[in-house]
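*Asks:* Quick one: the structure is below, questions incoming.
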Amino acid sequence: MAESAVKFLLDKLAPLFENELQLLRGVREEILYLRGELERMTAFLRVADAYEESDAELKVWVKQLRDIAHESEDVLDEFTLLQAHDHGEGLYGSIHKLSCCIKNTKARYRIASELRAINSRIKKISEVHKRLHHKFNMAEQGSSSKSAGYLLEDHRGDALLLEKTDIVGIDEPIKQMVGRLVNGGCGREVVSVAGMGGMGKTTLAKQVYDAAEVKKHFKLCAWITFTQSFKLAELLKDIVQQLHQAIRSPVPQEINSMNTNQLKTIIKDFLQKRRYLIVLDDVWHLYGWDALKYALPNNIYGSRVILTTRNADIASTTSTESGGEVYTLEPLPPVESWELLCKKTFQGNSCPPHLEKICNYVLRKCEGLPLAIVAISGVLAAKDKRRIDEWEMVGHSLGAEIEGNDKLQDLKKVLSLSFNDLPYYLKSCFLYLSIFPEDHLIKHMRLIRLWMAEGFIEEKQGKTLEEVAEDYLNELLNRSMIQAAETTADGRVTKFRIHDLFREIITSKTRSQNFATIAKEQNVTLPAKIRRLSIHNTLQYVQTNRVKTIPRFIGKLQNLETLDLKHSRVTELPVEILKLQHLRYLLVYRYEFVPYEDFHSTYGFKVLAKIGALKSLQKLCFIEVNQGGSALLRELGKLVQLRRLGIVKMRKKDGKALSSSIEKLSKLYALSITSVEEDEIIDLQHLCSPPLLLQHLYLRGRLEALPHWIPSLHSLVKLYLKWSRLRDDPLAFLQYLPNLVHLELCQVFEGDTLCFGAGGFKKLKHLCLDKSDELRCIEMEVGTMPCIENLIIRRCKSLEKVPSGIEHLIKLKLLKFFDMPEKLIKTLLPHQHGNDYWKVAHVPEVYVTYLREFGWEVFSLEGLSETQISSQPSSVMKSIGTGWK
């Protein structure tokens, strides 16, 4: 980590020499000396970082150099602040400038004195460095491939499939566990999965939980994940919510005011006469099971509990007392370990003969631990296959200590190697993840903005900082340092998570290196010097929804990059905002739910007339344009760096001005436009050259015709249209968009028939048709939507039957009919309309709700194991079978 700190400091030093006249004599010489010494030692820091844990002398040297880098950074930040002071204008500005000049001269002499003291320590560290020079002999071998700051190829798909494809050797345990769950005794049994961290316990449990035979056998399922400091009430509420969702019934509102005993009683009564499957994942202590077991009734319906734990005693105790079974995961045998290594390191190809020896050596050190093999393979995959010395260096760095008896420590050492092998520009980024609480899902763009604000992202020619940050994320994914937690239909990762063992490692490092301080308690004693503070206690969370005004002195925050006022009550910003030339993200909006309409109304802010002065803006959401008019919209054309733009309260007469500006926004990635009223026309027919990079388009408002330029958006992956009220079928114009994967149409078409033609929508995965009141028939020809996975049809009160040709959608996984009329529902019932029933019988999950005015109780359909049908008013399942109640 010293390498990262020093590199970061050197980057901050560079701008100070662009105008040497501003450097006070004394300060300049000290900074020059500091830069020279740091540059001289930088080449050796990578090796020092890798070996510091195993060499006490190196560890002290690295710590001293890291501390100096941090102290120097603080001093230089103060110096930079003095240089950039804003004195104001006029007579007051002149007086203020003279006063500051006197104060600043004194401060600069103090800064020069502090730098001299730092340089005095640098000299001593340099002398120690000479004595340690023999320990850095491998630096030249290991630095060549790193110095270029390489980036791995984007194998995002491999990382996304980690749990399904990178874990081998569990086919037989899956088969055994499924058999035990389905064919075991009639009482409640606990099936425990035990093994050390990283052995694949959760992966095995998830594969069993998702098995088709298990889903068919257990209608009531819930998955509960424990933490070391879990809150029992929250876990019990989670169980109640999941169980009610499983049968499509509303969650009782009173659970929020119940104590733990009341919640346990609710769960027990709910499950008493039902067959259920509950997964308790990663139980750390026996009292975790003891706190829940009496809420899970020991009934006679063959209910099951799957419990995963790192503690063998917990597994044995819980399974023995219930007559269950323990599955202890063993290390992978050599053949499967080799298969996993080749799959991850060589993308499934065979290992080159000259690397077989070192790969076998690495596998011996991993001792068959899947996570360790995956982690080390991620390191090896980044190495040049022609440079055997680089591969041997990885093997050598594993060290003799890894052969100890403490397997958790063994794994930590292996994972630490993955961290040590990171290029310096990723180390700070990865350590930064420690500020997020355990099990927290990290939002993609939030993380990027935080990295940028910290200065972790290096500038690269031809790329924005956001694009460089995306490369960083992809490299961490490819190295298996982070995992994708949520993705969109088009494969875009929206949330990440970090494995808990990795988190243990980086939390320890952040603490020992004073990288960050994490406060979990309200009255925690904080260290004297804090570089970053992360408060995890939710009681200290500051809500912004009561904020109404922003003070004028916000203009003094010259380096501000993100102003996030989402969910606040701010509707206007002071003119001083225009001074923030580094502002990249301006987010000011809130949502209000509209009852009975199932959508949120968006409220933005009155944008400043000269908004075009903010040249660095990347995202601007949401601006209200009904008062600024055409002059304001023309200002948007000056924001040529914009990637995301959100507009509300759009009027027809301003369409020409907006079209003119959009044509200038060549980097625009996402565009959202909402009209001032539902019947107001959005006029975008004047747009001749739309942004070629546009991927997400949201239009809420009436359209006289589908904009002629939409079919030319070859990069478009998501399209959302609402209130369009088109008379012509829009599908004929949309079906050949080559990369469209997500399409939502709400009140878009006023005709009675929609036709999905053969060969259309080749990449579409998600389709939603909502509130087409006149729609009676949907036709799907053979060959249409070959990749469709989710089909949702809502509030189409005139639709008479299941879409014709739906049986051709062979990849359909989820079908939802929400708030539909009686006549369509009856076509699904096999005894009344068998000829239509078979059309959806091949779909794994089918959900149906009635229109509100009918108010019937409904049942799951016979033969469709995952079908859930509920009425809108009560959605209480009274019976299972076919027919009407």
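Residue numbers start at 1 in each chain; chains themselves are named A, B, ... in the order of the structure tokens; ligands are numbered from 1 in the order shown.
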If you run DSSP on the backbone, which residues of stretch 465-556 of chain A are strand (DSSP E), as JSON, numbers by chain?
*Replies:* {"A": [483, 484, 485, 486, 487, 493, 494, 495, 496, 497, 517, 518, 519, 533, 534, 535]}
*Asks:* Hey, what's within 7 Å of stretch 694-697 of chain A if we count only C-alpha atoms and toss same-chain stuff fewer than 6 positions away? As a ChimeraX atom specification, please?
*Replies:* /A:668-672,713,715-720
*Asks:* Give me, as an mmCIF file with all heavy atoms, in the first residue's frame, all polymer residues having an atom no more than 8 Å from stretch 556-559 of chain A, counting only C-alpha atoms and skipping those fewer than 5 positions away in the same chain.
*Replies:*
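Printed below is selection29.cif as written:
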```cif
data_model
loop_
_atom_site.group_PDB
_atom_site.id
_atom_site.type_symbol
_atom_site.label_atom_id
_atom_site.label_comp_id
_atom_site.auth_asym_id
_atom_site.auth_seq_id
_atom_site.Cartn_x
_atom_site.Cartn_y
_atom_site.Cartn_z
ATOM 1 N N ASP A 86 -10.058 32.375 -2.773
ATOM 2 C CA ASP A 86 -10.919 33.331 -3.482
ATOM 3 C C ASP A 86 -11.121 34.563 -2.604
ATOM 4 O O ASP A 86 -11.728 34.487 -1.544
ATOM 5 C CB ASP A 86 -12.279 32.675 -3.795
ATOM 6 C CG ASP A 86 -13.187 33.601 -4.594
ATOM 7 O OD1 ASP A 86 -12.695 34.649 -5.049
ATOM 8 O OD2 ASP A 86 -14.376 33.267 -4.738
ATOM 9 N N LYS A 579 -20.168 28.535 -10.007
ATOM 10 C CA LYS A 579 -18.730 28.649 -9.780
ATOM 11 C C LYS A 579 -18.050 27.275 -9.675
ATOM 12 O O LYS A 579 -16.824 27.185 -9.721
ATOM 13 C CB LYS A 579 -18.460 29.424 -8.487
ATOM 14 C CG LYS A 579 -18.907 30.879 -8.516
ATOM 15 C CD LYS A 579 -18.580 31.562 -7.192
ATOM 16 C CE LYS A 579 -19.006 33.011 -7.200
ATOM 17 N NZ LYS A 579 -18.682 33.684 -5.905
ATOM 18 N N LEU A 580 -18.839 26.232 -9.543
ATOM 19 C CA LEU A 580 -18.293 24.892 -9.313
ATOM 20 C C LEU A 580 -17.914 24.246 -10.640
ATOM 21 O O LEU A 580 -18.629 23.408 -11.188
ATOM 22 C CB LEU A 580 -19.316 24.037 -8.559
ATOM 23 C CG LEU A 580 -19.830 24.629 -7.237
ATOM 24 C CD1 LEU A 580 -20.833 23.701 -6.594
ATOM 25 C CD2 LEU A 580 -18.675 24.914 -6.289
ATOM 26 N N GLN A 581 -16.759 24.629 -11.147
ATOM 27 C CA GLN A 581 -16.336 24.186 -12.469
ATOM 28 C C GLN A 581 -15.924 22.722 -12.523
ATOM 29 O O GLN A 581 -15.742 22.163 -13.602
ATOM 30 C CB GLN A 581 -15.188 25.071 -12.953
ATOM 31 C CG GLN A 581 -15.610 26.499 -13.269
ATOM 32 C CD GLN A 581 -16.693 26.539 -14.345
ATOM 33 O OE1 GLN A 581 -16.474 26.098 -15.472
ATOM 34 N NE2 GLN A 581 -17.870 27.056 -14.012
ATOM 35 N N HIS A 582 -15.747 22.075 -11.359
ATOM 36 C CA HIS A 582 -15.410 20.658 -11.338
ATOM 37 C C HIS A 582 -16.642 19.768 -11.110
ATOM 38 O O HIS A 582 -16.517 18.556 -11.035
ATOM 39 C CB HIS A 582 -14.373 20.364 -10.249
ATOM 40 C CG HIS A 582 -13.026 20.945 -10.528
ATOM 41 N ND1 HIS A 582 -12.623 22.164 -10.036
ATOM 42 C CD2 HIS A 582 -11.987 20.481 -11.272
ATOM 43 C CE1 HIS A 582 -11.392 22.424 -10.450
ATOM 44 N NE2 HIS A 582 -10.990 21.428 -11.203
ATOM 45 N N LEU A 583 -17.822 20.378 -11.005
ATOM 46 C CA LEU A 583 -19.037 19.613 -10.731
ATOM 47 C C LEU A 583 -19.365 18.688 -11.896
ATOM 48 O O LEU A 583 -19.506 19.119 -13.036
ATOM 49 C CB LEU A 583 -20.201 20.574 -10.473
ATOM 50 C CG LEU A 583 -21.455 19.964 -9.843
ATOM 51 C CD1 LEU A 583 -21.152 19.435 -8.446
ATOM 52 C CD2 LEU A 583 -22.571 20.990 -9.778
#
```
*Asks:* Of the candidates A:Met650, A:Asn119, A:Glu486, A:Leu824, which one gets nearest to A:Leu38 if we count only C-alpha atoms?
*Replies:*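 Smallest separation from A:Leu38 among the options: A:Asn119.
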*Asks:* Mind checking which residues fall within 6 Å of stretch 193-198 of chain A, counting only C-alpha atoms, ignoring those fewer than 5 positions away in the same chain, and posting them as a ChimeraX atom specification?
*Replies:* /A:308-310,312,326-329,371
*Asks:* So, counting only C-alpha atoms, which residue among A:Gly646, A:Gly179, A:Gly288, A:Gly200 is closest to A:Leu232?
*Replies:*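 Closest to A:Leu232, using only C-alpha atoms: A:Gly288.
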*Asks:* Could you give me, as an MDAnalysis selection string, the residues within 7 Å of stretch 763-765 of chain A, counting only C-alpha atoms and dropping anything in the same chain fewer than 5 positions from it?
*Replies:* chainID A and resid 489 739:742 785 787:790
*Asks:* Which neighbours of A:Val178 fall inside 12 Å, counting only C-alpha atoms, when residues of the same chain fewer than 6 positions from it are skipped, and could you give them as an mmCIF file with N, CA and C atoms, in the first residue's frame?
*Replies:*
```
data_model
loop_
_atom_site.group_PDB
_atom_site.id
_atom_site.type_symbol
_atom_site.label_atom_id
_atom_site.label_comp_id
_atom_site.auth_asym_id
_atom_site.auth_seq_id
_atom_site.Cartn_x
_atom_site.Cartn_y
_atom_site.Cartn_z
ATOM 1 N N ASP A 171 -21.563 -31.857 -7.704
ATOM 2 C CA ASP A 171 -22.718 -32.508 -8.334
ATOM 3 C C ASP A 171 -23.285 -33.624 -7.453
ATOM 4 N N GLU A 172 -22.406 -34.424 -6.895
ATOM 5 C CA GLU A 172 -22.872 -35.529 -6.048
ATOM 6 C C GLU A 172 -23.496 -35.024 -4.750
ATOM 7 N N GLY A 184 -36.861 -37.591 2.656
ATOM 8 C CA GLY A 184 -36.583 -37.852 4.068
ATOM 9 C C GLY A 184 -37.833 -38.137 4.862
ATOM 10 N N VAL A 191 -30.830 -30.136 7.741
ATOM 11 C CA VAL A 191 -29.719 -30.627 6.924
ATOM 12 C C VAL A 191 -28.629 -29.556 6.956
ATOM 13 N N LEU A 204 -23.354 -24.538 -2.641
ATOM 14 C CA LEU A 204 -24.052 -25.826 -2.623
ATOM 15 C C LEU A 204 -25.504 -25.643 -2.187
ATOM 16 N N ALA A 205 -25.705 -24.890 -1.113
ATOM 17 C CA ALA A 205 -27.066 -24.678 -0.620
ATOM 18 C C ALA A 205 -27.938 -23.994 -1.668
ATOM 19 N N LYS A 206 -27.363 -23.024 -2.378
ATOM 20 C CA LYS A 206 -28.142 -22.299 -3.395
ATOM 21 C C LYS A 206 -28.504 -23.200 -4.568
ATOM 22 N N GLN A 207 -27.584 -24.060 -4.980
ATOM 23 C CA GLN A 207 -27.881 -24.988 -6.075
ATOM 24 C C GLN A 207 -29.005 -25.938 -5.682
ATOM 25 N N VAL A 208 -28.991 -26.399 -4.444
ATOM 26 C CA VAL A 208 -30.049 -27.292 -3.963
ATOM 27 C C VAL A 208 -31.371 -26.537 -3.842
ATOM 28 N N TYR A 209 -31.300 -25.345 -3.305
ATOM 29 C CA TYR A 209 -32.487 -24.501 -3.095
ATOM 30 C C TYR A 209 -33.188 -24.195 -4.414
ATOM 31 N N ASP A 210 -32.397 -24.015 -5.483
ATOM 32 C CA ASP A 210 -32.954 -23.663 -6.792
ATOM 33 C C ASP A 210 -33.283 -24.874 -7.660
ATOM 34 N N ALA A 211 -32.984 -26.065 -7.184
ATOM 35 C CA ALA A 211 -33.248 -27.262 -7.977
ATOM 36 C C ALA A 211 -34.741 -27.388 -8.275
ATOM 37 N N ALA A 212 -35.067 -27.780 -9.498
ATOM 38 C CA ALA A 212 -36.469 -27.864 -9.918
ATOM 39 C C ALA A 212 -37.269 -28.822 -9.040
ATOM 40 N N GLU A 213 -36.664 -29.949 -8.674
ATOM 41 C CA GLU A 213 -37.363 -30.936 -7.850
ATOM 42 C C GLU A 213 -37.695 -30.375 -6.466
ATOM 43 N N VAL A 214 -36.781 -29.566 -5.939
ATOM 44 C CA VAL A 214 -37.003 -28.954 -4.629
ATOM 45 C C VAL A 214 -38.080 -27.887 -4.720
ATOM 46 N N LYS A 215 -38.030 -27.058 -5.766
ATOM 47 C CA LYS A 215 -39.043 -26.013 -5.941
ATOM 48 C C LYS A 215 -40.442 -26.613 -6.089
ATOM 49 N N LYS A 216 -40.507 -27.751 -6.739
ATOM 50 C CA LYS A 216 -41.807 -28.404 -6.934
ATOM 51 C C LYS A 216 -42.334 -28.990 -5.630
ATOM 52 N N HIS A 217 -41.425 -29.481 -4.806
ATOM 53 C CA HIS A 217 -41.814 -30.184 -3.572
ATOM 54 C C HIS A 217 -42.196 -29.208 -2.453
ATOM 55 N N PHE A 218 -41.501 -28.060 -2.394
ATOM 56 C CA PHE A 218 -41.735 -27.091 -1.320
ATOM 57 C C PHE A 218 -42.335 -25.805 -1.896
ATOM 58 N N LEU A 277 -39.523 -25.016 3.416
ATOM 59 C CA LEU A 277 -38.060 -25.134 3.351
ATOM 60 C C LEU A 277 -37.464 -23.773 3.708
ATOM 61 N N ARG A 304 -38.249 -28.926 6.012
ATOM 62 C CA ARG A 304 -36.784 -29.019 6.077
ATOM 63 C C ARG A 304 -36.174 -27.651 6.372
ATOM 64 N N ILE A 306 -32.246 -26.020 5.860
ATOM 65 C CA ILE A 306 -30.850 -26.141 5.439
ATOM 66 C C ILE A 306 -30.056 -25.092 6.216
#
```
*Asks:* Between A:Arg497, A:His129, A:Lys771, A:Lys268, which residue has the minimum interatomic distance to A:Val60, considering only C-alpha atoms?
*Replies:*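 Of A:Arg497, A:His129, A:Lys771, A:Lys268, the one nearest A:Val60, counting only C-alpha atoms, is A:His129.
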*Asks:* Kindly indicate which residue among A:Cys746, A:Leu235, A:Leu731, A:Val190 lies nearest to A:Phe761, using only C-alpha atoms for the distances.
*Replies:* A:Leu731
*Asks:* Distance atom CA of A:Pro297-atom CA of A:Ile174, one decimal place?
*Replies:*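 It comes out at 25.3 Å.
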*Asks:* For A:Tyr276, which of A:Asn256, A:Thr510, A:Thr464, A:Asn298 is the closest residue, counting only C-alpha atoms?
*Replies:*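 Answer, going by the shortest atom-to-atom distance: A:Asn298.
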